[in-house]
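*Asks:* One file is attached below, start-v6.tsv, containing TSV, C-alpha atoms and all ligand atoms.
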chain	number	residue	atom	x	y	z
B	9	MET	CA	0.00	0.00	0.00
B	10	THR	CA	1.26	3.41	-0.90
B	11	ILE	CA	1.82	5.78	1.96
B	12	LYS	CA	0.82	9.20	0.72
B	13	ARG	CA	3.45	11.85	1.41
B	14	ARG	CA	1.34	13.98	3.73
B	15	LYS	CA	0.08	10.97	5.60
B	16	PHE	CA	3.59	9.63	5.84
B	17	ILE	CA	4.80	12.85	7.39
B	18	GLN	CA	1.90	12.90	9.79
B	19	GLN	CA	2.76	9.42	10.96
B	20	SER	CA	6.34	10.44	11.58
B	21	VAL	CA	7.96	12.31	14.40
B	22	ALA	CA	8.56	15.08	11.88
B	23	GLY	CA	4.87	15.63	11.48
B	24	THR	CA	4.38	15.91	15.21
B	25	ALA	CA	7.21	18.36	15.60
B	26	MET	CA	6.20	20.59	12.70
B	27	ALA	CA	2.56	20.58	13.65
B	28	SER	CA	3.41	21.59	17.18
B	29	THR	CA	5.51	24.63	16.27
B	30	GLY	CA	2.42	26.75	15.80
B	31	LEU	CA	4.42	28.97	13.46
B	32	TRP	CA	2.15	28.79	10.50
B	33	ALA	CA	0.06	31.79	9.64
B	34	CYS	CA	-2.43	29.19	8.59
B	35	GLN	CA	-2.45	25.90	10.47
B	36	PRO	CA	-0.53	23.00	8.93
B	37	ALA	CA	-3.05	21.29	6.72
B	38	THR	CA	-3.70	17.61	6.39
B	39	ASN	CA	-4.30	16.21	2.92
B	40	ASP	CA	-8.02	16.59	3.39
B	41	GLU	CA	-7.80	20.12	4.74
B	42	ILE	CA	-5.62	21.65	2.04
B	43	PRO	CA	-7.64	24.46	0.46
B	44	ALA	CA	-8.12	24.55	-3.28
B	45	ALA	CA	-4.97	25.62	-5.10
B	46	VAL	CA	-4.97	29.01	-6.72
B	47	VAL	CA	-2.76	30.35	-9.47
B	48	PRO	CA	-0.29	32.59	-7.62
B	49	GLN	CA	-1.20	36.27	-7.67
B	50	SER	CA	2.23	37.61	-6.96
B	51	SER	CA	2.70	41.15	-5.73
B	52	GLY	CA	5.97	41.25	-7.67
B	53	THR	CA	7.91	42.80	-4.80
B	54	MET	CA	11.33	42.03	-3.40
B	55	PRO	CA	12.90	40.64	-1.32
B	56	LEU	CA	11.26	37.31	-1.91
B	57	VAL	CA	11.99	33.77	-0.77
B	58	ILE	CA	10.17	30.67	-1.94
B	59	ALA	CA	10.78	27.08	-0.87
B	60	THR	CA	9.26	23.70	-1.58
B	61	TRP	CA	6.90	22.12	0.97
B	62	ASP	CA	6.35	23.10	4.61
B	63	ASN	CA	9.52	25.02	5.09
B	64	PHE	CA	8.38	27.99	7.15
B	65	GLU	CA	11.46	28.15	9.33
B	66	ALA	CA	13.75	27.88	6.34
B	67	THR	CA	12.12	30.77	4.47
B	68	GLN	CA	12.08	32.71	7.71
B	69	ALA	CA	15.85	32.19	8.16
B	70	ALA	CA	16.44	33.23	4.56
B	71	ALA	CA	14.18	36.27	4.93
B	72	LYS	CA	16.09	37.35	8.00
B	73	VAL	CA	19.25	37.52	5.90
B	74	LEU	CA	17.49	39.48	3.15
B	75	GLU	CA	15.76	41.92	5.48
B	76	LYS	CA	19.18	42.89	6.83
B	77	GLY	CA	20.31	43.65	3.29
B	78	GLY	CA	22.11	40.32	2.86
B	79	SER	CA	22.61	38.56	-0.45
B	80	ALA	CA	20.29	36.03	-2.04
B	81	LEU	CA	23.17	33.56	-1.90
B	82	ASP	CA	23.57	33.88	1.88
B	83	ALA	CA	19.80	33.71	2.22
B	84	VAL	CA	19.32	30.43	0.35
B	85	GLU	CA	22.21	28.80	2.19
B	86	ALA	CA	20.80	29.92	5.56
B	87	GLY	CA	17.38	28.62	4.57
B	88	ALA	CA	18.61	25.26	3.32
B	89	ARG	CA	20.60	24.68	6.50
B	90	VAL	CA	17.43	24.71	8.61
B	91	PRO	CA	15.92	21.37	7.49
B	92	GLU	CA	19.43	19.94	7.08
B	93	ALA	CA	19.97	20.36	10.84
B	94	ASP	CA	16.51	19.13	11.80
B	95	PRO	CA	16.65	15.47	12.91
B	96	ASN	CA	12.89	15.25	12.47
B	97	ASP	CA	13.01	16.09	8.78
B	98	LEU	CA	13.15	12.70	7.10
B	99	SER	CA	14.19	13.93	3.67
B	100	VAL	CA	17.09	16.27	4.27
B	101	GLY	CA	20.45	16.16	6.09
B	102	LEU	CA	20.51	14.80	9.64
B	103	GLY	CA	17.76	12.22	10.08
B	104	GLY	CA	17.20	11.79	6.35
B	105	LEU	CA	15.86	8.35	5.43
B	106	PRO	CA	18.67	6.08	4.28
B	107	ASP	CA	19.19	4.06	1.14
B	108	ILE	CA	18.55	0.34	0.72
B	109	LYS	CA	21.68	-0.47	2.76
B	110	GLY	CA	20.73	1.83	5.64
B	111	VAL	CA	23.23	4.52	4.61
B	112	VAL	CA	22.21	8.19	4.58
B	113	THR	CA	23.57	9.74	1.38
B	114	LEU	CA	23.08	13.42	0.66
B	115	ASP	CA	22.81	15.51	-2.52
B	116	ALA	CA	22.88	19.32	-2.74
B	117	CYS	CA	23.60	22.19	-5.08
B	118	ILE	CA	23.79	25.96	-4.94
B	119	MET	CA	23.99	28.66	-7.61
B	120	ASP	CA	24.55	32.40	-7.35
B	121	ASP	CA	23.62	35.44	-9.39
B	122	LEU	CA	26.94	35.41	-11.25
B	123	GLY	CA	26.28	31.95	-12.63
B	124	ASN	CA	28.70	30.25	-10.24
B	125	ALA	CA	27.61	26.80	-9.12
B	126	GLY	CA	28.66	24.14	-6.63
B	127	ALA	CA	27.30	20.71	-5.81
B	128	VAL	CA	27.90	17.53	-3.87
B	129	CYS	CA	26.34	14.13	-4.35
B	130	PHE	CA	26.42	10.79	-2.54
B	131	LEU	CA	27.97	12.63	0.41
B	132	GLN	CA	27.87	10.80	3.73
B	133	GLY	CA	28.40	11.90	7.31
B	134	ILE	CA	28.17	15.66	6.82
B	135	LYS	CA	25.04	17.38	8.09
B	136	HIS	CA	25.23	20.47	5.86
B	137	PRO	CA	25.83	19.39	2.26
B	138	ILE	CA	24.59	22.79	1.06
B	139	SER	CA	27.52	24.50	2.76
B	140	VAL	CA	29.93	21.94	1.32
B	141	ALA	CA	28.41	22.67	-2.11
B	142	ARG	CA	29.04	26.35	-1.54
B	143	LYS	CA	32.67	25.60	-0.65
B	144	VAL	CA	33.01	23.59	-3.85
B	145	MET	CA	31.70	26.63	-5.72
B	146	GLU	CA	33.93	29.13	-3.95
B	147	GLN	CA	37.09	27.19	-3.15
B	148	THR	CA	37.56	24.98	-6.20
B	149	SER	CA	37.45	25.30	-9.96
B	150	HIS	CA	34.98	22.41	-10.11
B	151	VAL	CA	31.21	22.27	-9.91
B	152	MET	CA	30.49	18.88	-8.33
B	153	LEU	CA	32.25	16.52	-5.93
B	154	SER	CA	30.91	13.07	-5.08
B	155	GLY	CA	31.10	10.42	-2.38
B	156	GLN	CA	34.39	9.88	-0.62
B	157	GLY	CA	36.05	12.75	-2.46
B	158	ALA	CA	33.32	15.12	-1.36
B	159	LEU	CA	33.69	13.89	2.21
B	160	GLU	CA	37.47	14.35	2.19
B	161	PHE	CA	37.03	17.84	0.77
B	162	ALA	CA	34.46	18.68	3.44
B	163	LEU	CA	36.76	17.50	6.21
B	164	GLU	CA	39.61	19.57	4.78
B	165	GLN	CA	37.28	22.56	4.84
B	166	GLY	CA	36.62	22.03	8.55
B	167	PHE	CA	33.27	20.25	8.44
B	168	VAL	CA	32.73	17.63	11.13
B	169	GLU	CA	31.82	14.03	10.32
B	170	GLU	CA	28.87	12.62	12.28
B	171	ASN	CA	26.33	9.83	12.21
B	172	LEU	CA	23.28	11.10	10.30
B	173	LEU	CA	21.13	7.99	10.78
B	174	THR	CA	18.88	8.86	13.71
B	175	VAL	CA	17.05	6.27	15.80
B	176	SER	CA	13.82	7.28	14.07
B	177	SER	CA	15.09	7.06	10.49
B	178	LYS	CA	16.77	3.73	11.30
B	179	LYS	CA	13.43	2.48	12.57
B	180	HIS	CA	11.71	3.51	9.33
B	181	TRP	CA	14.40	1.66	7.38
B	182	GLU	CA	14.02	-1.48	9.52
B	183	GLU	CA	10.27	-1.36	8.94
B	184	TRP	CA	10.83	-1.03	5.22
B	185	LEU	CA	13.30	-3.96	5.28
B	186	LYS	CA	10.52	-6.28	6.39
B	187	ASP	CA	8.78	-6.29	3.01
B	188	GLN	CA	11.35	-4.43	0.90
B	189	LYS	CA	9.04	-2.99	-1.71
B	190	PRO	CA	11.13	-1.99	-4.71
B	191	PHE	CA	11.87	1.63	-5.49
B	192	GLY	CA	8.76	3.23	-6.88
B	193	GLU	CA	6.25	1.09	-5.04
B	194	THR	CA	6.60	2.57	-1.62
B	195	ASN	CA	9.18	5.29	-1.88
B	196	PHE	CA	7.92	7.96	-4.10
B	197	GLU	CA	5.78	9.75	-1.57
B	198	ASN	CA	8.41	9.72	1.13
B	199	HIS	CA	10.04	12.98	0.26
B	200	ASP	CA	10.21	16.60	1.36
B	201	THR	CA	13.36	17.91	-0.30
B	202	ILE	CA	13.95	21.62	0.03
B	203	GLY	CA	14.50	23.67	-3.09
B	204	ILE	CA	14.76	27.36	-2.22
B	205	LEU	CA	15.02	30.49	-4.37
B	206	ALA	CA	15.63	34.06	-3.25
B	207	LEU	CA	15.52	37.49	-4.84
B	208	ASP	CA	17.36	40.05	-2.74
B	209	ALA	CA	16.83	43.79	-2.38
B	210	GLN	CA	19.47	44.40	-5.06
B	211	GLY	CA	17.39	42.33	-7.48
B	212	ASN	CA	19.81	39.39	-7.57
B	213	ILE	CA	18.69	35.78	-7.58
B	214	SER	CA	20.28	32.67	-6.06
B	215	GLY	CA	19.03	29.15	-5.46
B	216	ALA	CA	19.79	26.02	-3.43
B	217	CYS	CA	18.52	22.47	-3.23
B	218	THR	CA	19.36	19.83	-0.62
B	219	THR	CA	18.07	16.32	0.07
B	220	SER	CA	18.73	12.83	1.32
B	221	GLY	CA	17.03	11.72	-1.90
B	222	MET	CA	14.37	9.11	-2.36
B	223	ALA	CA	14.03	6.92	0.69
B	224	PHE	CA	15.45	3.39	0.40
B	225	LYS	CA	16.95	4.13	-3.01
B	226	LEU	CA	19.62	1.86	-4.45
B	227	HIS	CA	23.02	2.40	-2.88
B	228	GLY	CA	24.85	4.86	-5.12
B	229	ARG	CA	21.73	6.42	-6.62
B	230	VAL	CA	21.95	10.18	-7.16
B	231	GLY	CA	18.84	12.20	-7.95
B	232	ASP	CA	18.13	15.52	-9.59
B	233	SER	CA	18.73	17.70	-6.55
B	234	PRO	CA	22.50	18.19	-6.96
B	235	ILE	CA	22.33	18.46	-10.76
B	236	ILE	CA	22.60	22.05	-11.92
B	237	GLY	CA	19.71	22.59	-14.33
B	238	ALA	CA	17.69	19.65	-13.00
B	239	GLY	CA	17.04	20.15	-9.27
B	240	MET	CA	17.75	23.87	-9.44
B	241	TYR	CA	18.90	26.53	-11.86
B	242	VAL	CA	19.43	30.27	-11.77
B	243	ASP	CA	20.12	32.77	-14.51
B	244	ASN	CA	20.21	36.22	-12.98
B	245	GLU	CA	19.14	37.80	-16.27
B	246	VAL	CA	15.89	35.84	-16.17
B	247	GLY	CA	15.00	34.02	-12.95
B	248	GLY	CA	15.39	30.78	-11.07
B	249	ALA	CA	13.65	27.43	-10.68
B	250	CYS	CA	13.83	24.40	-8.43
B	251	ALA	CA	12.30	20.96	-8.24
B	252	THR	CA	11.09	18.34	-5.83
B	253	GLY	CA	9.72	14.87	-6.33
B	254	VAL	CA	10.95	11.91	-8.29
B	255	GLY	CA	14.30	13.10	-9.55
B	256	GLU	CA	14.51	10.65	-12.42
B	257	TYR	CA	11.77	12.57	-14.26
B	258	VAL	CA	13.26	15.93	-13.47
B	259	MET	CA	16.66	14.79	-14.74
B	260	LYS	CA	15.27	13.37	-17.97
B	261	THR	CA	13.66	16.72	-18.82
B	262	LEU	CA	16.25	18.99	-17.15
B	263	GLY	CA	13.29	20.68	-15.51
B	264	SER	CA	14.78	23.71	-13.77
B	265	PHE	CA	16.86	24.73	-16.78
B	266	LEU	CA	13.81	24.24	-18.98
B	267	ILE	CA	11.73	26.54	-16.78
B	268	VAL	CA	14.33	29.31	-16.81
B	269	GLU	CA	14.68	29.07	-20.59
B	270	LEU	CA	10.90	29.18	-21.00
B	271	MET	CA	10.84	32.34	-18.89
B	272	ARG	CA	13.59	33.77	-21.07
B	273	GLN	CA	11.31	33.20	-24.04
B	274	GLY	CA	8.58	35.22	-22.36
B	275	LYS	CA	6.58	32.77	-20.29
B	276	SER	CA	5.56	33.79	-16.78
B	277	PRO	CA	7.00	31.69	-13.92
B	278	GLN	CA	3.62	29.99	-13.58
B	279	GLU	CA	3.33	29.21	-17.29
B	280	ALA	CA	6.91	27.93	-17.34
B	281	CYS	CA	6.33	25.57	-14.38
B	282	GLU	CA	3.17	24.26	-16.04
B	283	GLU	CA	4.98	23.68	-19.31
B	284	ALA	CA	7.77	21.76	-17.55
B	285	ILE	CA	5.23	19.50	-15.81
B	286	LYS	CA	3.45	18.96	-19.15
B	287	ARG	CA	6.80	17.91	-20.63
B	288	ILE	CA	7.00	15.14	-18.01
B	289	VAL	CA	3.39	14.16	-18.68
B	290	LYS	CA	4.12	13.94	-22.40
B	291	ARG	CA	7.22	11.82	-21.90
B	292	GLN	CA	5.65	9.58	-19.26
B	293	PRO	CA	1.96	9.49	-20.20
B	294	LYS	CA	1.18	6.63	-17.82
B	295	LEU	CA	3.85	6.81	-15.14
B	296	TYR	CA	3.52	10.49	-14.28
B	297	ARG	CA	0.35	9.59	-12.36
B	298	GLU	CA	2.39	7.45	-10.02
B	299	TYR	CA	5.38	9.70	-9.48
B	300	GLU	CA	4.99	13.18	-8.07
B	301	VAL	CA	7.03	16.17	-9.24
B	302	GLY	CA	6.68	19.81	-8.18
B	303	TYR	CA	8.33	22.94	-9.54
B	304	LEU	CA	8.81	26.48	-8.24
B	305	ALA	CA	10.05	29.46	-10.23
B	306	ILE	CA	10.70	33.16	-9.73
B	307	ASN	CA	11.60	35.92	-12.15
B	308	LYS	CA	13.54	39.16	-11.83
B	309	SER	CA	10.38	41.13	-11.10
B	310	GLY	CA	9.55	39.12	-8.01
B	311	VAL	CA	6.77	37.16	-9.67
B	312	TYR	CA	6.64	33.47	-8.82
B	313	GLY	CA	5.04	30.27	-10.04
B	314	ALA	CA	4.33	26.83	-8.57
B	315	TYR	CA	2.93	23.71	-10.18
B	316	GLY	CA	2.87	20.00	-9.47
B	317	THR	CA	1.85	16.81	-11.19
B	318	GLU	CA	-0.76	16.10	-8.54
B	319	LYS	CA	-2.63	17.60	-5.61
B	320	GLY	CA	-0.60	17.91	-2.46
B	321	PHE	CA	2.42	19.86	-3.60
B	322	GLU	CA	2.88	22.90	-1.35
B	323	TYR	CA	5.33	25.74	-1.07
B	324	THR	CA	6.28	28.37	1.47
B	325	LEU	CA	6.56	31.98	0.35
B	326	TYR	CA	8.06	34.98	2.06
B	327	GLN	CA	7.04	38.23	0.36
B	328	ASP	CA	5.83	41.64	1.55
B	329	GLY	CA	6.94	40.72	5.07
B	330	GLU	CA	4.63	37.71	5.23
B	331	ASN	CA	5.67	34.09	5.45
B	332	ASN	CA	2.98	31.59	4.50
B	333	LYS	CA	2.41	28.13	3.14
B	334	TYR	CA	0.27	27.64	0.02
B	335	PRO	CA	-1.04	24.72	-2.00
B	336	ALA	CA	0.19	24.63	-5.59
B	337	GLU	CA	-1.92	24.20	-8.69
B	338	HIS	CA	-1.55	20.75	-10.20
B	339	PHE	CA	-1.93	18.87	-13.48
B	340	LEU	CA	-3.95	15.93	-12.25
B	341	LYS	CA	-7.32	17.27	-11.23
B	342	SER	CA	-8.41	14.21	-9.29
B	401	LIG	C1	15.41	13.00	-5.51
B	401	LIG	N1	14.19	15.01	-5.98
B	401	LIG	O1	16.38	12.54	-4.92
B	401	LIG	C2	14.73	14.22	-4.90
B	401	LIG	C3	13.71	13.75	-3.94
B	401	LIG	C4	12.78	14.79	-3.47
B	401	LIG	O2	11.37	15.55	-1.88
B	401	LIG	O3	12.52	15.80	-4.05
B	401	LIG	N2	12.21	14.62	-2.36
B	401	LIG	O4	14.92	12.48	-6.50
Could you express the structure from this file as structure tokens?

*Replies:*
Amino acid sequence: MTIKRRKFIQQSVAGTAMASTGLWACQPATNDEIPAAVVPQSSGTMPLVIATWDNFEATQAAAKVLEKGGSALDAVEAGARVPEADPNDLSVGLGGLPDIKGVVTLDACIMDDLGNAGAVCFLQGIKHPISVARKVMEQTSHVMLSGQGALEFALEQGFVEENLLTVSSKKHWEEWLKDQKPFGETNFENHDTIGILALDAQGNISGACTTSGMAFKLHGRVGDSPIIGAGMYVDNEVGGACATGVGEYVMKTLGSFLIVELMRQGKSPQEACEEAIKRIVKRQPKLYREYEVGYLAINKSGVYGAYGTEKGFEYTLYQDGENNKYPAEHFLKS
């Protein structure tokens, strides 16, 4: 039986913790309570922060940076670090659900307004892959480091190695081991990756994406999240985009790059997100119903868009001094 993402989160410690924060302007919604999605009516003001899913504290941390006049780059890193450090978040950093072997492997990428990019994939034992990705961007001439090499680099940069498999995520893995449903049958709803985009007061855009990937994935599997152009992409002349959901589909359509290029050609962020989802639908006319993908986009004017394959995709938006969670419009109407 498929565990729906929202239900899955509710059953987890994460759900309890998030629901009890009381920080939402509107109460955290259950699947049944989510109000009808509306096409975003953006005020087009800056600064702006937008993040996938229930990431109130992340957008708040990013907004704090921006309200002090900080850069979009610092803002997205600060935002991404929040769920990375949260042991109750089962999809990111510490406490992320492990792969098939019980190993937590992390993927992340970051991109600034100058077109610089950094990424890490299959990184183990480091709680803040987004900050390692930023170091790759700023301290090396490369874009992506993987696995053991990424870990060695992180340690050289002063990051501390620690066990990321919490008691709770180990328990989820042990439960899963009992019937070992293959990837795709049970895993695809178990995700809450953060993709985060910011537009600062100077009008510059940066983006970040960080995840422990699909739960119980094959050992060695890397998703879209660390791939520049797939999980996230920024072009400061145009805008930025980020993705969440089943990375295989995002990678095959290079979703975030596609959205930015569609905006360059004149589409609004909303239209561009919808077009990128339709591209997945066209390529996977049957399977897209089974595998959720959600996109967010912003442009230089502070207008944003959000669209998912199915009902349930949500995003958190900080704009005009307000930080709120919203349901996204979706392709599948039922
Ligand atoms: C991946 N896109 O590894 C990620 C998973 C995800 O919310 O978004 N989870 O495929």

*Asks:* Excluding Val242 of chain B and residues on its chain fewer than 6 positions from it, collect all residues at most 9 Å away from it, counting all atoms listed in the file, and give them as a PyMOL selection string.

*Replies:* chain B and resi 119-121+123+205+213-215+236+248-250+264-265+268

*Asks:* Under the rule of at most 10 Å, produce a per-residue listing of chain B near ligand LIG 401 (chain B): chain, number, name, the closest pair of atoms, and the distance in Å, as a Markdown table, using only C-alpha atoms and all ligand atoms.

*Replies:*
| residue | atom | partner | partner_atom | distance |
| --- | --- | --- | --- | --- |
| B:Arg13 | CA | B:LIG401 | O2 | 9.3 |
| B:Thr60 | CA | B:LIG401 | O2 | 8.4 |
| B:Trp61 | CA | B:LIG401 | O2 | 8.4 |
| B:Leu98 | CA | B:LIG401 | O2 | 9.6 |
| B:Ser99 | CA | B:LIG401 | N2 | 6.4 |
| B:Val100 | CA | B:LIG401 | N2 | 8.4 |
| B:Thr113 | CA | B:LIG401 | O1 | 10.0 |
| B:Leu114 | CA | B:LIG401 | O1 | 8.8 |
| B:Asp115 | CA | B:LIG401 | O1 | 7.5 |
| B:Ala116 | CA | B:LIG401 | O1 | 9.6 |
| B:Asn195 | CA | B:LIG401 | C3 | 9.8 |
| B:Phe196 | CA | B:LIG401 | N2 | 8.1 |
| B:Glu197 | CA | B:LIG401 | O2 | 8.1 |
| B:Asn198 | CA | B:LIG401 | N2 | 7.1 |
| B:His199 | CA | B:LIG401 | O2 | 3.6 |
| B:Asp200 | CA | B:LIG401 | O2 | 3.6 |
| B:Thr201 | CA | B:LIG401 | O2 | 3.5 |
| B:Ile202 | CA | B:LIG401 | O2 | 6.9 |
| B:Gly203 | CA | B:LIG401 | O3 | 8.2 |
| B:Cys217 | CA | B:LIG401 | O3 | 9.0 |
| B:Thr218 | CA | B:LIG401 | C2 | 8.4 |
| B:Thr219 | CA | B:LIG401 | C2 | 6.3 |
| B:Ser220 | CA | B:LIG401 | O1 | 6.7 |
| B:Gly221 | CA | B:LIG401 | O1 | 3.2 |
| B:Met222 | CA | B:LIG401 | O1 | 4.7 |
| B:Ala223 | CA | B:LIG401 | C3 | 8.3 |
| B:Lys225 | CA | B:LIG401 | O1 | 8.6 |
| B:Arg229 | CA | B:LIG401 | O1 | 8.3 |
| B:Val230 | CA | B:LIG401 | O1 | 6.5 |
| B:Gly231 | CA | B:LIG401 | O1 | 3.9 |
| B:Asp232 | CA | B:LIG401 | N1 | 5.4 |
| B:Ser233 | CA | B:LIG401 | N1 | 5.3 |
| B:Pro234 | CA | B:LIG401 | O1 | 8.6 |
| B:Ala238 | CA | B:LIG401 | N1 | 9.1 |
| B:Gly239 | CA | B:LIG401 | N1 | 6.7 |
| B:Cys250 | CA | B:LIG401 | N1 | 9.7 |
| B:Ala251 | CA | B:LIG401 | N1 | 6.6 |
| B:Thr252 | CA | B:LIG401 | O3 | 3.4 |
| B:Gly253 | CA | B:LIG401 | O3 | 3.7 |
| B:Val254 | CA | B:LIG401 | O4 | 4.4 |
| B:Gly255 | CA | B:LIG401 | O4 | 3.2 |
| B:Glu256 | CA | B:LIG401 | O4 | 6.2 |
| B:Tyr257 | CA | B:LIG401 | O4 | 8.4 |
| B:Val258 | CA | B:LIG401 | N1 | 7.6 |
| B:Met259 | CA | B:LIG401 | O4 | 8.7 |
| B:Glu300 | CA | B:LIG401 | O3 | 8.9 |
| B:Val301 | CA | B:LIG401 | O3 | 7.6 |
| B:Gly302 | CA | B:LIG401 | O3 | 8.2 |
| B:Tyr303 | CA | B:LIG401 | O3 | 9.9 |

*Asks:* List the neighbours of Tyr312 of chain B out to 7 Å using all atoms listed in the file; skip same-chain residues closer than 3 positions along the sequence, and give me the result as a VMD selection string.

*Replies:* chain B and resid 50 277 to 278 305 to 307

*Asks:* Okay, now the selection with C-alpha atoms, as an mmCIF file, in the frame of the given file?

*Replies:*
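The resulting part_11.cif:
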data_model
loop_
_atom_site.group_PDB
_atom_site.id
_atom_site.type_symbol
_atom_site.label_atom_id
_atom_site.label_comp_id
_atom_site.auth_asym_id
_atom_site.auth_seq_id
_atom_site.Cartn_x
_atom_site.Cartn_y
_atom_site.Cartn_z
ATOM 1 C CA SER B 50 2.230 37.610 -6.960
ATOM 2 C CA PRO B 277 7.000 31.690 -13.920
ATOM 3 C CA GLN B 278 3.620 29.990 -13.580
ATOM 4 C CA ALA B 305 10.050 29.460 -10.230
ATOM 5 C CA ILE B 306 10.700 33.160 -9.730
ATOM 6 C CA ASN B 307 11.600 35.920 -12.150
#

*Asks:* Find the residues around Ile288 of chain B up to 10 Å (all atoms listed in the file counted), leave out those fewer than 3 positions away in its own chain, and share them as number ranges by chain.

*Replies:* B: 257-258, 260-261, 263, 283-285, 291-293, 295-296, 301, 317

*Asks:* If we draw a sphere of 10 Å around (18.6, 43.4, -12.5), which residues have at least one atom in it when counting all atoms listed in the file? Please report them as a ChimeraX atom specification.

*Replies:* /B:121,210-213,244-246,308-309

*Asks:* Nearest to Gln156 of chain B among B:Thr53, B:Gln327, B:Gln273, B:Gln132, with distances taken over all atoms listed in the file: which residue is it?

*Replies:*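 Ranked by minimum distance to Gln156 of chain B, first place goes to B:Gln132.
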
*Asks:* Is there a way to get, as a PyMOL selection string, all residues within 10 Å of the point (12.7, 4.7, 12.1) in file coordinates, counting all atoms listed in the file?

*Replies:* chain B and resi 20-21+98+103+105-106+173-184

*Asks:* Output the selection as a short mmCIF file (atom, residue, chain, number, x, y, z; two decimals), keeping the file's coordinate frame - C-alpha atoms for each residue.

*Replies:*
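This went into again-v7.cif:
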data_model
loop_
_atom_site.label_atom_id
_atom_site.label_comp_id
_atom_site.auth_asym_id
_atom_site.auth_seq_id
_atom_site.Cartn_x
_atom_site.Cartn_y
_atom_site.Cartn_z
CA SER B 20 6.34 10.44 11.58
CA VAL B 21 7.96 12.31 14.40
CA LEU B 98 13.15 12.70 7.10
CA GLY B 103 17.76 12.22 10.08
CA LEU B 105 15.86 8.35 5.43
CA PRO B 106 18.67 6.08 4.28
CA LEU B 173 21.13 7.99 10.78
CA THR B 174 18.88 8.86 13.71
CA VAL B 175 17.05 6.27 15.80
CA SER B 176 13.82 7.28 14.07
CA SER B 177 15.09 7.06 10.49
CA LYS B 178 16.77 3.73 11.30
CA LYS B 179 13.43 2.48 12.57
CA HIS B 180 11.71 3.51 9.33
CA TRP B 181 14.40 1.66 7.38
CA GLU B 182 14.02 -1.48 9.52
CA GLU B 183 10.27 -1.36 8.94
CA TRP B 184 10.83 -1.03 5.22
#

*Asks:* What separation in Å, quoted to one decimal, exists between atom CA of Ser342 of chain B and atom CA of Lys319 of chain B?

*Replies:*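 Computed distance, atom CA of Ser342 of chain B to atom CA of Lys319 of chain B, equals 7.6 Å.
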
*Asks:* Rank B:Glu282, B:Glu298, B:Glu92, B:Asp328 by their smallest atom-to-atom distance to Tyr315 of chain B, using all atoms listed in the file, and report the top residue only.

*Replies:*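 Using all atoms listed in the file, Tyr315 of chain B sits closest to B:Glu282.
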
*Asks:* Atom CA of Tyr241 of chain B and atom CA of Ala216 of chain B, how far apart in Å?

*Replies:*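 Computed distance, atom CA of Ala216 of chain B to atom CA of Tyr241 of chain B, equals 8.5 Å.
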
*Asks:* Just how far from atom CA of Ala206 of chain B is atom CA of His338 of chain B, in Å to one decimal?

*Replies:*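 Spanning atom CA of His338 of chain B to atom CA of Ala206 of chain B is a straight-line distance of 22.8 Å.
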
*Asks:* Restricting the calculation to only C-alpha atoms, which member of B:Val111, B:Leu304, B:Leu226, B:Ala127 is positioned closest to Gly247 of chain B?

*Replies:*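 Closest to Gly247 of chain B, using only C-alpha atoms: B:Leu304.
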
*Asks:* In terms of the shortest atom-to-atom distance over only C-alpha atoms, which of B:Glu269, B:Glu164, B:Asp208, B:Glu65 is closest to Gly87 of chain B?

*Replies:* B:Glu65

*Asks:* For Val140 of chain B, work out the shell of residues within 12 Å, counting all atoms listed in the file and skipping chain neighbours fewer than 6 positions away, then give it as a compact mmCIF listing (two decimals) with C-alpha atoms, keeping the file's coordinate frame.

*Replies:*
# COMPACT_ATOMS: atom_id res chain seq x y z
CA GLU B 85 22.21 28.80 2.19
CA ALA B 88 18.61 25.26 3.32
CA ARG B 89 20.60 24.68 6.50
CA LEU B 114 23.08 13.42 0.66
CA ASP B 115 22.81 15.51 -2.52
CA ALA B 116 22.88 19.32 -2.74
CA CYS B 117 23.60 22.19 -5.08
CA ILE B 118 23.79 25.96 -4.94
CA ALA B 125 27.61 26.80 -9.12
CA GLY B 126 28.66 24.14 -6.63
CA ALA B 127 27.30 20.71 -5.81
CA VAL B 128 27.90 17.53 -3.87
CA CYS B 129 26.34 14.13 -4.35
CA LEU B 131 27.97 12.63 0.41
CA GLN B 132 27.87 10.80 3.73
CA GLY B 133 28.40 11.90 7.31
CA ILE B 134 28.17 15.66 6.82
CA GLU B 146 33.93 29.13 -3.95
CA GLN B 147 37.09 27.19 -3.15
CA THR B 148 37.56 24.98 -6.20
CA VAL B 151 31.21 22.27 -9.91
CA MET B 152 30.49 18.88 -8.33
CA LEU B 153 32.25 16.52 -5.93
CA SER B 154 30.91 13.07 -5.08
CA GLY B 157 36.05 12.75 -2.46
CA ALA B 158 33.32 15.12 -1.36
CA LEU B 159 33.69 13.89 2.21
CA GLU B 160 37.47 14.35 2.19
CA PHE B 161 37.03 17.84 0.77
CA ALA B 162 34.46 18.68 3.44
CA LEU B 163 36.76 17.50 6.21
CA GLU B 164 39.61 19.57 4.78
CA GLN B 165 37.28 22.56 4.84
CA GLY B 166 36.62 22.03 8.55
CA PHE B 167 33.27 20.25 8.44
CA VAL B 168 32.73 17.63 11.13
CA ALA B 216 19.79 26.02 -3.43
CA THR B 218 19.36 19.83 -0.62
CA PRO B 234 22.50 18.19 -6.96

*Asks:* Can you tell me which residues surround segment 68-73 of chain B at a distance of at most 6 Å, considering only C-alpha atoms, apart from same-chain residues fewer than 3 positions away, and format the answer as a ChimeraX atom specification?

*Replies:* /B:65,76,78,83-84,86-87

*Asks:* Those same residues - C-alpha atoms - I'd like them written as a compact mmCIF listing (two decimals), in the coordinates of the input.

*Replies:*
# COMPACT_ATOMS: atom_id res chain seq x y z
CA GLU B 65 11.46 28.15 9.33
CA LYS B 76 19.18 42.89 6.83
CA GLY B 78 22.11 40.32 2.86
CA ALA B 83 19.80 33.71 2.22
CA VAL B 84 19.32 30.43 0.35
CA ALA B 86 20.80 29.92 5.56
CA GLY B 87 17.38 28.62 4.57
